[in-house]
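*Asks:* TSV, C-alpha atoms, saved as protein-v5.tsv, coming up:
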```tsv
chain	number	residue	atom	x	y	z
A	1161	MET	CA	-51.11	-41.99	-47.32
A	1162	ASP	CA	-52.98	-44.05	-44.70
A	1163	ARG	CA	-51.85	-44.63	-41.09
A	1164	ALA	CA	-50.25	-48.02	-41.73
A	1165	THR	CA	-48.23	-46.70	-44.69
A	1166	LEU	CA	-47.18	-43.64	-42.67
A	1167	GLU	CA	-45.87	-45.78	-39.81
A	1168	ARG	CA	-44.10	-48.15	-42.16
A	1169	ARG	CA	-42.42	-45.49	-44.32
A	1170	LEU	CA	-41.72	-42.62	-41.92
A	1171	LEU	CA	-42.06	-43.90	-38.36
A	1172	LYS	CA	-40.52	-47.36	-38.51
A	1173	ILE	CA	-37.54	-46.71	-36.20
A	1174	THR	CA	-39.49	-44.52	-33.80
A	1175	LYS	CA	-42.34	-47.00	-33.53
A	1176	SER	CA	-40.01	-49.95	-32.93
A	1177	PHE	CA	-38.17	-48.31	-30.04
A	1178	ALA	CA	-41.28	-46.58	-28.65
A	1179	LYS	CA	-42.99	-49.96	-28.35
A	1180	LEU	CA	-40.00	-51.31	-26.41
A	1181	GLY	CA	-40.25	-48.30	-24.07
A	1182	GLY	CA	-44.02	-48.59	-23.68
A	1183	ILE	CA	-44.78	-45.08	-25.00
A	1184	TRP	CA	-46.33	-45.89	-28.38
A	1185	PRO	CA	-50.07	-45.15	-28.62
A	1186	ASN	CA	-52.51	-48.07	-29.02
A	1187	GLN	CA	-50.27	-50.52	-27.15
A	1188	ASN	CA	-51.90	-52.94	-24.75
A	1189	LYS	CA	-52.16	-51.12	-21.41
A	1190	TYR	CA	-50.91	-54.11	-19.42
A	1191	VAL	CA	-47.89	-54.43	-21.67
A	1192	LYS	CA	-47.27	-50.70	-21.26
A	1193	VAL	CA	-47.36	-50.93	-17.45
A	1194	LEU	CA	-44.96	-53.89	-17.54
A	1195	LEU	CA	-42.51	-52.03	-19.78
A	1196	TRP	CA	-42.75	-48.88	-17.63
A	1197	ALA	CA	-41.95	-50.97	-14.54
A	1198	MET	CA	-38.95	-52.57	-16.25
A	1199	VAL	CA	-37.56	-49.20	-17.34
A	1200	ASP	CA	-38.07	-47.57	-13.93
A	1201	ILE	CA	-36.74	-50.51	-11.92
A	1202	THR	CA	-33.63	-50.75	-14.09
A	1203	MET	CA	-32.82	-47.05	-13.86
A	1204	ILE	CA	-33.67	-46.65	-10.18
A	1205	SER	CA	-31.47	-49.63	-9.30
A	1206	THR	CA	-28.62	-48.10	-11.30
A	1207	VAL	CA	-28.96	-44.70	-9.62
A	1208	ILE	CA	-29.08	-46.40	-6.19
A	1209	THR	CA	-25.80	-48.26	-6.84
A	1210	GLN	CA	-24.15	-45.02	-7.91
A	1211	ILE	CA	-25.36	-43.12	-4.85
A	1212	ALA	CA	-24.24	-46.07	-2.70
A	1213	ARG	CA	-20.74	-45.77	-4.20
A	1214	ILE	CA	-20.59	-42.11	-3.16
A	1215	VAL	CA	-21.74	-42.97	0.37
A	1216	HIS	CA	-19.40	-45.98	0.63
A	1217	PHE	CA	-16.17	-44.33	-0.57
A	1218	GLY	CA	-16.96	-40.72	0.30
A	1219	THR	CA	-14.18	-39.04	-1.68
A	1220	LEU	CA	-14.41	-35.91	-3.76
A	1221	GLU	CA	-13.18	-37.75	-6.87
A	1222	ILE	CA	-15.97	-40.31	-6.54
A	1223	VAL	CA	-18.55	-37.56	-6.04
A	1224	ILE	CA	-17.46	-35.84	-9.26
A	1225	GLU	CA	-17.28	-39.11	-11.18
A	1226	GLN	CA	-20.72	-40.32	-10.12
A	1227	SER	CA	-22.54	-37.00	-10.35
A	1228	SER	CA	-22.50	-36.89	-14.15
A	1229	LEU	CA	-23.68	-40.51	-14.39
A	1230	ILE	CA	-26.43	-39.97	-11.83
A	1231	GLY	CA	-27.51	-36.92	-13.83
A	1232	ALA	CA	-27.70	-39.06	-16.97
A	1233	GLY	CA	-29.91	-41.57	-15.15
A	1234	ILE	CA	-32.22	-38.82	-13.90
A	1235	LEU	CA	-32.33	-37.35	-17.41
A	1236	MET	CA	-33.46	-40.68	-18.81
A	1237	MET	CA	-36.25	-40.94	-16.23
A	1238	VAL	CA	-37.34	-37.37	-17.05
A	1239	LYS	CA	-37.56	-38.26	-20.75
A	1240	HIS	CA	-39.52	-41.43	-20.18
A	1241	GLY	CA	-41.75	-39.85	-17.55
A	1242	ASN	CA	-42.68	-36.97	-19.86
A	1243	TYR	CA	-43.90	-39.34	-22.57
A	1244	VAL	CA	-45.77	-41.50	-20.07
A	1245	LEU	CA	-47.53	-38.52	-18.46
A	1246	ASN	CA	-48.32	-36.86	-21.81
A	1247	ALA	CA	-49.44	-40.04	-23.57
A	1248	THR	CA	-52.85	-38.56	-24.48
A	1249	LYS	CA	-51.32	-35.41	-26.00
A	1250	LEU	CA	-48.80	-37.43	-27.97
A	1251	GLU	CA	-51.50	-39.71	-29.30
A	1252	SER	CA	-53.47	-36.63	-30.39
A	1253	LEU	CA	-50.38	-35.22	-32.18
A	1254	LEU	CA	-49.82	-38.53	-33.93
A	1255	ASN	CA	-53.48	-38.64	-35.00
A	1256	ASP	CA	-53.22	-35.08	-36.36
A	1257	MET	CA	-50.11	-36.05	-38.27
A	1258	SER	CA	-51.89	-39.08	-39.73
A	1259	ASP	CA	-54.91	-36.94	-40.72
A	1260	ASP	CA	-52.63	-34.46	-42.52
A	1261	TRP	CA	-51.11	-37.22	-44.61
A	1262	SER	CA	-54.48	-38.83	-45.41
A	1263	THR	CA	-55.92	-35.51	-46.68
A	1264	ASN	CA	-55.96	-35.07	-50.45
A	1265	GLN	CA	-53.16	-32.70	-51.44
A	1266	LEU	CA	-51.75	-31.22	-54.61
A	1267	GLU	CA	-48.72	-33.01	-55.99
A	1268	GLU	CA	-46.46	-30.04	-55.15
A	1269	GLU	CA	-47.73	-29.93	-51.55
A	1270	PHE	CA	-47.21	-33.67	-51.17
A	1271	GLU	CA	-43.63	-33.29	-52.40
A	1272	ILE	CA	-43.00	-30.53	-49.86
A	1273	MET	CA	-44.33	-32.71	-47.06
A	1274	MET	CA	-42.20	-35.62	-48.26
A	1275	THR	CA	-39.12	-33.39	-48.30
A	1276	TYR	CA	-39.52	-32.59	-44.62
A	1277	ALA	CA	-40.53	-36.15	-43.77
A	1278	THR	CA	-37.40	-37.40	-45.53
A	1279	ARG	CA	-35.27	-34.92	-43.59
A	1280	GLY	CA	-36.90	-36.11	-40.37
A	1281	THR	CA	-36.23	-39.74	-41.30
A	1282	PHE	CA	-32.60	-38.88	-42.06
A	1283	LEU	CA	-32.16	-37.16	-38.68
A	1284	VAL	CA	-33.80	-40.11	-36.95
A	1285	LYS	CA	-31.39	-42.53	-38.63
A	1286	ILE	CA	-28.36	-40.39	-37.75
A	1287	TYR	CA	-29.50	-40.08	-34.14
A	1288	SER	CA	-30.28	-43.80	-33.85
A	1289	ILE	CA	-26.99	-44.90	-35.40
A	1290	SER	CA	-24.94	-42.56	-33.21
A	1291	SER	CA	-26.85	-43.74	-30.12
A	1292	CYS	CA	-26.27	-47.40	-30.97
A	1293	ILE	CA	-22.55	-46.77	-31.55
A	1294	SER	CA	-22.32	-44.93	-28.23
A	1295	VAL	CA	-24.00	-47.74	-26.29
A	1296	ALA	CA	-21.85	-50.36	-28.02
A	1297	TYR	CA	-18.78	-48.30	-27.10
A	1298	PHE	CA	-19.74	-48.23	-23.42
A	1299	ILE	CA	-20.65	-51.92	-23.34
A	1300	GLN	CA	-17.27	-52.97	-24.73
A	1301	LEU	CA	-15.27	-50.76	-22.34
A	1302	PRO	CA	-14.87	-53.38	-19.56
A	1303	TRP	CA	-13.75	-56.04	-22.02
A	1304	SER	CA	-11.17	-54.22	-24.16
A	1305	PRO	CA	-8.60	-53.79	-21.34
A	1306	ARG	CA	-9.07	-57.43	-20.35
A	1307	LEU	CA	-8.53	-58.50	-23.96
A	1308	VAL	CA	-5.37	-56.39	-24.22
A	1309	HIS	CA	-4.20	-57.82	-20.91
A	1310	MET	CA	-4.79	-61.36	-22.18
A	1311	LEU	CA	-2.93	-60.75	-25.45
A	1312	LYS	CA	0.10	-59.42	-23.57
A	1313	HIS	CA	0.17	-62.58	-21.38
A	1314	GLN	CA	0.72	-60.62	-18.19
A	1315	ASN	CA	0.78	-62.43	-14.85
A	1316	THR	CA	-1.11	-59.70	-13.01
A	1317	SER	CA	-4.86	-59.56	-12.61
A	1318	PRO	CA	-6.76	-57.90	-15.48
A	1319	PRO	CA	-7.88	-54.31	-14.80
A	1320	LEU	CA	-11.42	-53.73	-13.60
A	1321	ILE	CA	-13.21	-51.07	-15.64
A	1322	TYR	CA	-16.95	-50.60	-15.39
A	1323	SER	CA	-19.30	-49.15	-17.99
A	1324	ILE	CA	-21.34	-47.66	-15.15
A	1325	PRO	CA	-19.39	-47.71	-11.89
A	1326	GLY	CA	-21.42	-48.39	-8.76
A	1327	TYR	CA	-21.34	-50.06	-5.37
A	1328	TYR	CA	-23.24	-53.35	-5.38
A	1329	PHE	CA	-22.96	-54.07	-1.64
A	1330	VAL	CA	-20.33	-56.79	-2.07
A	1331	GLU	CA	-16.76	-56.80	-0.78
A	1332	ASP	CA	-15.11	-58.35	-3.83
A	1333	ASP	CA	-16.23	-56.99	-7.19
A	1334	ARG	CA	-14.15	-59.55	-9.08
A	1335	GLU	CA	-16.31	-62.38	-7.84
A	1336	TYR	CA	-19.45	-60.73	-9.21
A	1337	PHE	CA	-17.83	-58.96	-12.16
A	1338	TYR	CA	-19.93	-60.65	-14.87
A	1339	TYR	CA	-23.20	-60.08	-13.01
A	1340	ILE	CA	-22.34	-56.41	-12.54
A	1341	GLN	CA	-21.55	-56.05	-16.24
A	1342	LEU	CA	-24.81	-57.79	-17.14
A	1343	HIS	CA	-26.72	-55.24	-15.05
A	1344	ALA	CA	-24.77	-52.38	-16.66
A	1345	ALA	CA	-25.48	-53.74	-20.16
A	1346	LEU	CA	-29.20	-54.00	-19.35
A	1347	CYS	CA	-29.17	-50.42	-18.09
A	1348	LEU	CA	-27.42	-49.19	-21.24
A	1349	PHE	CA	-29.95	-51.02	-23.42
A	1350	VAL	CA	-32.82	-49.34	-21.55
A	1351	VAL	CA	-31.10	-45.96	-21.96
A	1352	LEU	CA	-30.77	-46.64	-25.70
A	1353	VAL	CA	-34.46	-47.51	-26.02
A	1354	VAL	CA	-35.68	-44.47	-24.09
A	1355	PHE	CA	-33.38	-41.94	-25.76
A	1356	ILE	CA	-34.10	-43.10	-29.31
A	1357	SER	CA	-37.86	-43.49	-28.80
A	1358	CYS	CA	-38.37	-40.12	-27.08
A	1359	ASP	CA	-35.97	-37.98	-29.09
A	1360	THR	CA	-36.87	-39.40	-32.50
A	1361	PHE	CA	-40.57	-38.93	-31.68
A	1362	TYR	CA	-39.78	-35.28	-30.95
A	1363	ILE	CA	-37.76	-34.92	-34.18
A	1364	VAL	CA	-40.51	-36.42	-36.36
A	1365	LEU	CA	-43.20	-34.19	-34.86
A	1366	VAL	CA	-41.14	-31.01	-35.30
A	1367	GLN	CA	-40.26	-31.83	-38.92
A	1368	HIS	CA	-43.93	-32.47	-39.69
A	1369	GLY	CA	-44.81	-29.06	-38.25
A	1370	CYS	CA	-42.11	-27.42	-40.40
A	1371	GLY	CA	-43.58	-29.17	-43.44
A	1372	LEU	CA	-47.03	-27.78	-42.65
A	1373	LEU	CA	-45.61	-24.25	-42.42
A	1374	THR	CA	-43.86	-24.59	-45.78
A	1375	VAL	CA	-47.02	-25.95	-47.45
A	1376	ALA	CA	-48.97	-22.95	-46.13
A	1377	GLY	CA	-46.28	-20.65	-47.54
A	1378	TYR	CA	-46.55	-22.37	-50.92
A	1379	ARG	CA	-50.31	-21.82	-50.93
A	1380	PHE	CA	-49.91	-18.11	-50.15
A	1381	LYS	CA	-47.29	-17.65	-52.85
A	1382	ASN	CA	-49.32	-19.45	-55.51
A	1383	GLY	CA	-52.79	-18.33	-54.46
A	1384	VAL	CA	-52.66	-15.49	-56.99
A	1385	LYS	CA	-51.53	-16.37	-60.51
A	1386	LYS	CA	-48.85	-14.32	-62.23
A	1387	ASN	CA	-51.16	-13.15	-64.99
A	1388	SER	CA	-53.88	-12.08	-62.54
A	1389	SER	CA	-54.86	-8.44	-62.24
A	1390	ILE	CA	-57.58	-6.75	-60.27
A	1391	THR	CA	-58.79	-5.11	-63.51
A	1392	LYS	CA	-58.95	-8.39	-65.46
A	1393	TYR	CA	-60.37	-11.20	-63.31
A	1394	THR	CA	-64.11	-11.73	-63.01
A	1395	GLU	CA	-66.10	-11.74	-59.81
A	1396	THR	CA	-66.05	-15.55	-59.78
A	1397	GLU	CA	-62.26	-15.61	-60.14
A	1398	GLY	CA	-61.96	-13.03	-57.36
A	1399	LYS	CA	-63.98	-15.27	-55.05
A	1400	GLU	CA	-61.79	-18.24	-55.94
A	1401	ILE	CA	-58.63	-16.27	-55.12
A	1402	HIS	CA	-60.19	-15.07	-51.86
A	1403	GLU	CA	-61.12	-18.64	-50.90
A	1404	SER	CA	-57.62	-19.82	-51.83
A	1405	ILE	CA	-56.00	-17.25	-49.52
A	1406	TRP	CA	-58.49	-18.12	-46.79
A	1407	HIS	CA	-57.56	-21.77	-47.22
A	1408	SER	CA	-53.89	-20.79	-46.92
A	1409	ILE	CA	-54.60	-18.94	-43.66
A	1410	GLN	CA	-56.32	-22.02	-42.28
A	1411	GLY	CA	-53.29	-24.13	-43.20
A	1412	HIS	CA	-50.98	-21.58	-41.58
A	1413	GLN	CA	-53.02	-21.60	-38.38
A	1414	LYS	CA	-53.12	-25.39	-38.39
A	1415	ALA	CA	-49.32	-25.55	-38.61
A	1416	ILE	CA	-48.95	-23.02	-35.79
A	1417	THR	CA	-51.39	-24.93	-33.59
A	1418	PHE	CA	-49.59	-28.21	-34.25
A	1419	LEU	CA	-46.19	-26.74	-33.30
A	1420	GLU	CA	-47.67	-25.04	-30.24
A	1421	ASN	CA	-49.04	-28.41	-29.12
A	1422	VAL	CA	-45.61	-29.98	-29.68
A	1423	GLU	CA	-44.04	-27.19	-27.63
A	1424	SER	CA	-46.58	-27.46	-24.78
A	1425	THR	CA	-46.06	-31.23	-24.62
A	1426	HIS	CA	-42.28	-30.84	-24.30
A	1427	VAL	CA	-41.86	-27.44	-22.60
A	1428	THR	CA	-41.16	-28.67	-19.04
A	1429	TYR	CA	-39.29	-31.71	-20.29
A	1430	LEU	CA	-36.99	-29.56	-22.44
A	1431	PHE	CA	-36.31	-27.19	-19.53
A	1432	LEU	CA	-35.30	-30.04	-17.24
A	1433	THR	CA	-33.34	-31.71	-20.01
A	1434	MET	CA	-31.36	-28.59	-20.89
A	1435	GLY	CA	-30.60	-27.92	-17.23
A	1436	ILE	CA	-29.43	-31.47	-16.54
A	1437	ILE	CA	-27.33	-31.61	-19.72
A	1438	VAL	CA	-25.57	-28.34	-18.80
A	1439	VAL	CA	-24.69	-29.73	-15.36
A	1440	ILE	CA	-23.57	-33.08	-16.79
A	1441	LEU	CA	-21.42	-31.43	-19.47
A	1442	SER	CA	-19.80	-29.11	-16.92
A	1443	ILE	CA	-18.96	-31.91	-14.50
A	1444	THR	CA	-17.67	-34.18	-17.28
A	1445	MET	CA	-15.46	-31.43	-18.71
A	1446	VAL	CA	-13.95	-30.83	-15.27
A	1447	GLN	CA	-13.39	-34.54	-14.88
A	1448	VAL	CA	-11.77	-34.95	-18.30
A	1449	SER	CA	-9.51	-31.93	-17.80
A	1450	THR	CA	-8.18	-33.30	-14.49
A	1451	MET	CA	-7.70	-36.96	-15.55
A	1452	GLU	CA	-4.66	-38.71	-16.91
A	1453	VAL	CA	-4.91	-40.42	-20.29
A	1454	CYS	CA	-6.15	-43.99	-19.71
A	1455	PHE	CA	-9.11	-46.22	-20.56
A	1456	GLU	CA	-11.32	-44.25	-18.15
A	1457	PHE	CA	-10.27	-41.01	-19.86
A	1458	TYR	CA	-11.57	-42.21	-23.22
A	1459	LYS	CA	-14.80	-43.35	-21.60
A	1460	TYR	CA	-15.58	-39.86	-20.36
A	1461	ILE	CA	-14.45	-38.27	-23.62
A	1462	GLY	CA	-17.06	-40.43	-25.34
A	1463	PHE	CA	-19.63	-39.48	-22.71
A	1464	LEU	CA	-18.85	-35.79	-23.27
A	1465	ILE	CA	-19.30	-36.09	-27.04
A	1466	ILE	CA	-22.59	-37.97	-26.63
A	1467	GLN	CA	-24.10	-35.31	-24.39
A	1468	PHE	CA	-22.98	-32.49	-26.67
A	1469	LEU	CA	-24.53	-34.21	-29.70
A	1470	HIS	CA	-27.71	-34.70	-27.68
A	1471	LEU	CA	-27.80	-30.97	-26.95
A	1472	CYS	CA	-27.20	-30.18	-30.63
A	1473	PHE	CA	-30.08	-32.36	-31.82
A	1474	LEU	CA	-32.53	-30.73	-29.39
A	1475	SER	CA	-31.46	-27.18	-30.28
A	1476	LEU	CA	-31.39	-27.90	-34.01
A	1477	GLN	CA	-35.11	-28.66	-34.07
A	1478	GLY	CA	-35.86	-25.20	-32.73
A	1479	GLN	CA	-33.71	-23.68	-35.46
A	1480	PHE	CA	-35.67	-25.61	-38.11
A	1481	VAL	CA	-38.91	-24.08	-36.79
A	1482	ILE	CA	-37.39	-20.58	-36.93
A	1483	ASN	CA	-36.23	-21.11	-40.52
A	1484	SER	CA	-39.65	-22.37	-41.64
A	1485	SER	CA	-41.39	-19.43	-39.91
A	1486	ASP	CA	-39.11	-16.96	-41.70
A	1487	GLU	CA	-39.77	-18.67	-45.03
A	1488	ILE	CA	-43.55	-18.42	-44.71
A	1489	TYR	CA	-43.28	-14.70	-43.86
A	1490	ASP	CA	-41.23	-14.18	-47.04
A	1491	ALA	CA	-43.70	-16.27	-49.06
A	1492	ILE	CA	-46.66	-14.16	-47.91
A	1493	TYR	CA	-44.83	-10.93	-48.64
A	1494	GLU	CA	-43.66	-12.08	-52.09
A	1495	ALA	CA	-47.17	-13.17	-53.16
A	1496	LEU	CA	-48.98	-11.02	-55.73
A	1497	TRP	CA	-51.30	-9.60	-53.09
A	1498	TYR	CA	-51.38	-6.21	-54.83
A	1499	ASN	CA	-53.25	-7.81	-57.76
A	1500	THR	CA	-56.17	-8.85	-55.58
A	1501	HIS	CA	-59.33	-7.25	-54.25
A	1502	PRO	CA	-58.88	-5.05	-51.13
A	1503	LYS	CA	-60.88	-7.62	-49.16
A	1504	THR	CA	-58.33	-10.30	-50.12
A	1505	GLN	CA	-55.43	-7.94	-49.46
A	1506	ALA	CA	-56.72	-7.59	-45.91
A	1507	LEU	CA	-56.26	-11.36	-45.49
A	1508	HIS	CA	-52.61	-11.01	-46.52
A	1509	VAL	CA	-52.16	-8.25	-43.95
A	1510	LEU	CA	-53.64	-10.47	-41.23
A	1511	ALA	CA	-51.39	-13.34	-42.27
A	1512	LEU	CA	-48.31	-11.12	-42.20
A	1513	ARG	CA	-49.30	-9.80	-38.78
A	1514	ARG	CA	-49.69	-13.33	-37.46
A	1515	SER	CA	-46.27	-14.23	-38.85
A	1516	LEU	CA	-44.67	-11.57	-36.64
A	1517	THR	CA	-45.37	-13.84	-33.63
A	1518	PRO	CA	-44.31	-17.21	-35.03
A	1519	PRO	CA	-44.27	-20.51	-33.12
A	1520	ARG	CA	-41.11	-21.24	-31.17
A	1521	LEU	CA	-39.71	-24.23	-29.31
A	1522	THR	CA	-38.61	-23.23	-25.82
A	1523	ALA	CA	-37.24	-24.83	-22.69
A	1524	GLY	CA	-39.70	-23.93	-19.96
A	1525	GLY	CA	-40.76	-20.83	-21.88
A	1526	LEU	CA	-37.46	-19.22	-20.83
A	1527	ILE	CA	-34.84	-20.45	-23.29
A	1528	GLU	CA	-35.60	-20.41	-27.00
A	1529	LEU	CA	-34.07	-23.42	-28.70
A	1530	ASN	CA	-31.90	-22.42	-31.65
A	1531	MET	CA	-28.26	-22.40	-32.69
A	1532	GLU	CA	-27.66	-19.10	-30.90
A	1533	SER	CA	-28.86	-20.50	-27.59
A	1534	LEU	CA	-26.72	-23.59	-28.23
A	1535	SER	CA	-23.62	-21.41	-28.55
A	1536	ARG	CA	-24.56	-19.55	-25.36
A	1537	VAL	CA	-25.11	-22.78	-23.44
A	1538	THR	CA	-21.78	-24.13	-24.71
A	1539	TYR	CA	-20.05	-20.95	-23.56
A	1540	LEU	CA	-21.74	-21.24	-20.17
A	1541	VAL	CA	-20.60	-24.86	-19.82
A	1542	VAL	CA	-17.00	-24.01	-20.71
A	1543	LEU	CA	-17.00	-21.04	-18.34
A	1544	PHE	CA	-18.47	-23.04	-15.46
A	1545	SER	CA	-16.07	-25.95	-15.97
A	1546	THR	CA	-13.08	-23.58	-16.14
A	1547	ILE	CA	-14.04	-21.87	-12.88
A	1548	THR	CA	-14.70	-25.23	-11.23
A	1549	LYS	CA	-11.36	-26.61	-12.38
A	1550	HIS	CA	-9.63	-23.52	-10.97
A	1551	TRP	CA	-11.42	-23.99	-7.64
A	1552	LEU	CA	-10.30	-27.61	-7.48
A	1553	GLY	CA	-6.70	-26.47	-7.06
A	1554	GLN	CA	-7.36	-23.43	-4.88
A	1555	ILE	CA	-8.60	-22.77	-1.37
A	1556	GLY	CA	-12.32	-22.38	-1.80
A	1557	ILE	CA	-15.52	-24.31	-1.88
A	1558	PHE	CA	-13.95	-27.56	-3.10
A	1559	GLN	CA	-11.32	-27.41	-0.36
A	1560	ILE	CA	-14.15	-27.08	2.14
A	1561	LEU	CA	-15.97	-30.03	0.54
A	1562	LYS	CA	-12.77	-32.08	0.64
A	1563	LEU	CA	-12.35	-31.25	4.34
A	1564	CYS	CA	-15.98	-32.23	5.02
A	1565	VAL	CA	-15.49	-35.53	3.20
A	1566	SER	CA	-12.34	-36.19	5.26
A	1567	TYR	CA	-14.21	-35.61	8.52
A	1568	TYR	CA	-17.03	-37.84	7.27
A	1569	THR	CA	-14.54	-40.63	6.49
A	1570	VAL	CA	-12.96	-40.38	9.93
A	1571	LEU	CA	-16.32	-40.40	11.72
A	1572	ARG	CA	-17.50	-43.34	9.59
A	1573	SER	CA	-14.45	-45.44	10.41
A	1574	ALA	CA	-14.62	-44.64	14.15
```
Would you mind giving the structure from this file in structure tokens?

*Replies:*
Amino acid sequence: MDRATLERRLLKITKSFAKLGGIWPNQNKYVKVLLWAMVDITMISTVITQIARIVHFGTLEIVIEQSSLIGAGILMMVKHGNYVLNATKLESLLNDMSDDWSTNQLEEEFEIMMTYATRGTFLVKIYSISSCISVAYFIQLPWSPRLVHMLKHQNTSPPLIYSIPGYYFVEDDREYFYYIQLHAALCLFVVLVVFISCDTFYIVLVQHGCGLLTVAGYRFKNGVKKNSSITKYTETEGKEIHESIWHSIQGHQKAITFLENVESTHVTYLFLTMGIIVVILSITMVQVSTMEVCFEFYKYIGFLIIQFLHLCFLSLQGQFVINSSDEIYDAIYEALWYNTHPKTQALHVLALRRSLTPPRLTAGGLIELNMESLSRVTYLVVLFSTITKHWLGQIGIFQILKLCVSYYTVLRSA
């Protein structure tokens, strides 16, 4: 499979969104710079309006409400910045992926690679569809209450609900309502582009690495035929088996190197992402648990679900790598190594020893990404939000913050 076919069959969605975000290799450098500027200007302007709202109103409720949204904006800039700064590494990973597909392979090995590529494509579609639905949900939020208000023929003014609340340095938001919503829609579109392009790129790379591990395991398991015996095969056949196992070791090492490069490219980014998501989830859970049921309530419920799904997708990729590493260890052990020459058996021992330290996806080298760490992070979020909610109603740090905000409001109005 050549590069053009690979991009058309397996990377179509990722390439489309990555080009819009300016992170796809081989793009015109001037176009890239223009797209980077558009993304950064849009997100920085959004974060500024949210910080301005905190400064302008200065209440604890506004601080809690805006903190999660500001965190989401920072998270988006972290994602985009990682792929801009690591453009050379990502291009190298994409070239390695293309070389793997262009190499002549056995039909069984090609089918294994296609299985993992298909799974990656499926995950990319699920992630992209859920992201598009989420953005569409947020874009329609300001208009649904106005539509309901219109249908009921009420004489009062329609309610003002913002997809991304902020302070735009105007006294009357109603006068500039449509301009504010246009800015919010542009921001949400940029968020959609960055999240899909970065996260689907990560998913595709991880699934390719898992495919390489499984192919190496297949080679180990089938390197020695079932009817082979050390007392039966000739010297020539022994050399062929030895070369086959050596070829399997090279494939194993190639898969490990590829996944290590993926991990090194995303290690700091994943650490920052996990940290920001934990904070955002905690704040949003506190906010949801203290709100009354209204249109705003459903907005933050949707925001909570989106962030949790985001966390699941990132952690799930690490679990896929663990599963593939375990499978190749089993494949090496189950091979008919005992029917080979001692020199070839030594290669199996080396391969088994290398499998004891398999590749892992980590966040900053501290948190291993898997389903177990996901459950721990979820527990931490629930615990933190429960304690925070309790503090909100008790004399403690939040009472002190509320008192500080009150003094600030008085001084500001003086």

*Asks:* Per residue of region 1431-1519 of chain A within 12 Å of region 1412-1420 of chain A, note the shortest atom pair and the distance in Å to one decimal, counting all atoms listed in the file, and order the rows by chain and increasing residue number, as a Markdown table.

*Replies:*
```
| residue | atom | partner | partner_atom | distance |
| --- | --- | --- | --- | --- |
| A:Gln1477 | CA | A:Leu1419 | CA | 11.3 |
| A:Gly1478 | CA | A:Leu1419 | CA | 10.5 |
| A:Phe1480 | CA | A:Leu1419 | CA | 11.6 |
| A:Val1481 | CA | A:Leu1419 | CA | 8.5 |
| A:Ile1482 | CA | A:Leu1419 | CA | 11.3 |
| A:Ser1484 | CA | A:Ala1415 | CA | 10.6 |
| A:Ser1485 | CA | A:Ile1416 | CA | 9.3 |
| A:Ile1488 | CA | A:His1412 | CA | 8.7 |
| A:Tyr1489 | CA | A:His1412 | CA | 10.6 |
| A:Ala1491 | CA | A:His1412 | CA | 11.7 |
| A:Ile1492 | CA | A:His1412 | CA | 10.7 |
| A:His1508 | CA | A:His1412 | CA | 11.8 |
| A:Leu1510 | CA | A:His1412 | CA | 11.4 |
| A:Ala1511 | CA | A:His1412 | CA | 8.3 |
| A:Leu1512 | CA | A:His1412 | CA | 10.8 |
| A:Arg1514 | CA | A:Gln1413 | CA | 9.0 |
| A:Ser1515 | CA | A:His1412 | CA | 9.1 |
| A:Thr1517 | CA | A:Ile1416 | CA | 10.1 |
| A:Pro1518 | CA | A:Ile1416 | CA | 7.5 |
| A:Pro1519 | CA | A:Ile1416 | CA | 5.9 |
```

*Asks:* Just to confirm, what's the straight-line distance from CA of Leu1250 (chain A) to CA of Val1366 (chain A) in Å (one decimal)?

*Replies:*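 Between CA of Leu1250 (chain A) and CA of Val1366 (chain A) the gap is 12.4 Å.
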
*Asks:* Please, what distance in Å, to one decimal, runs between CA of Ile1405 (chain A) and CA of Gly1383 (chain A)?

*Replies:*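 Going from CA of Ile1405 (chain A) over to CA of Gly1383 (chain A), I get 6.0 Å.
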
*Asks:* For Met1531 (chain A), which residue out of A:Met1257, A:Leu1474, A:Ile1222, A:Val1446 is the nearest one, using all atoms listed in the file?

*Replies:*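 Looking at the shortest contact to Met1531 (chain A), the residue is A:Leu1474.
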
*Asks:* Which residue, A:Tyr1429, A:Trp1497, A:Trp1406, A:Phe1329, has the smallest gap to His1240 (chain A) when you use all atoms listed in the file?

*Replies:*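 Ranked by minimum distance to His1240 (chain A), first place goes to A:Tyr1429.
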
*Asks:* Of the residues A:Ile1363, A:Leu1352, A:Leu1507, A:Val1427, which is the one nearest to Ile1409 (chain A), using only C-alpha atoms?

*Replies:* A:Leu1507

*Asks:* What does the structure give for the distance between CA of Ile1183 (chain A) and CA of Gly1462 (chain A), in Å to one decimal?

*Replies:*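 Going from CA of Ile1183 (chain A) over to CA of Gly1462 (chain A) covers 28.1 Å.
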
*Asks:* Return the single residue from A:Glu1331, A:Gly1231, A:Val1542, A:Ser1290 that is closest to Gly1435 (chain A), with distances computed using all atoms listed in the file.

*Replies:*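 The shortest atom-to-atom distance to Gly1435 (chain A) comes from A:Gly1231.
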
*Asks:* List every protein, DNA or RNA residue that has at least one atom no more than 10 Å from (-17.8, -46.7, -21.4) in the file's coordinates, counting only C-alpha atoms, and write the result as number ranges by chain.

*Replies:* A: 1294-1302, 1321-1325, 1348, 1455-1463

*Asks:* Counting all atoms listed in the file, which residue out of A:Phe1468, A:Phe1217, A:Trp1184, A:Tyr1276 sits closest to Leu1441 (chain A)?

*Replies:* A:Phe1468

*Asks:* What lies within 12 Å of Ile1204 (chain A) using all atoms listed in the file, ignoring chain neighbours under 2 positions off, as a PyMOL selection string?

*Replies:* chain A and resi 1196-1202+1206-1211+1230+1232-1237+1347+1350
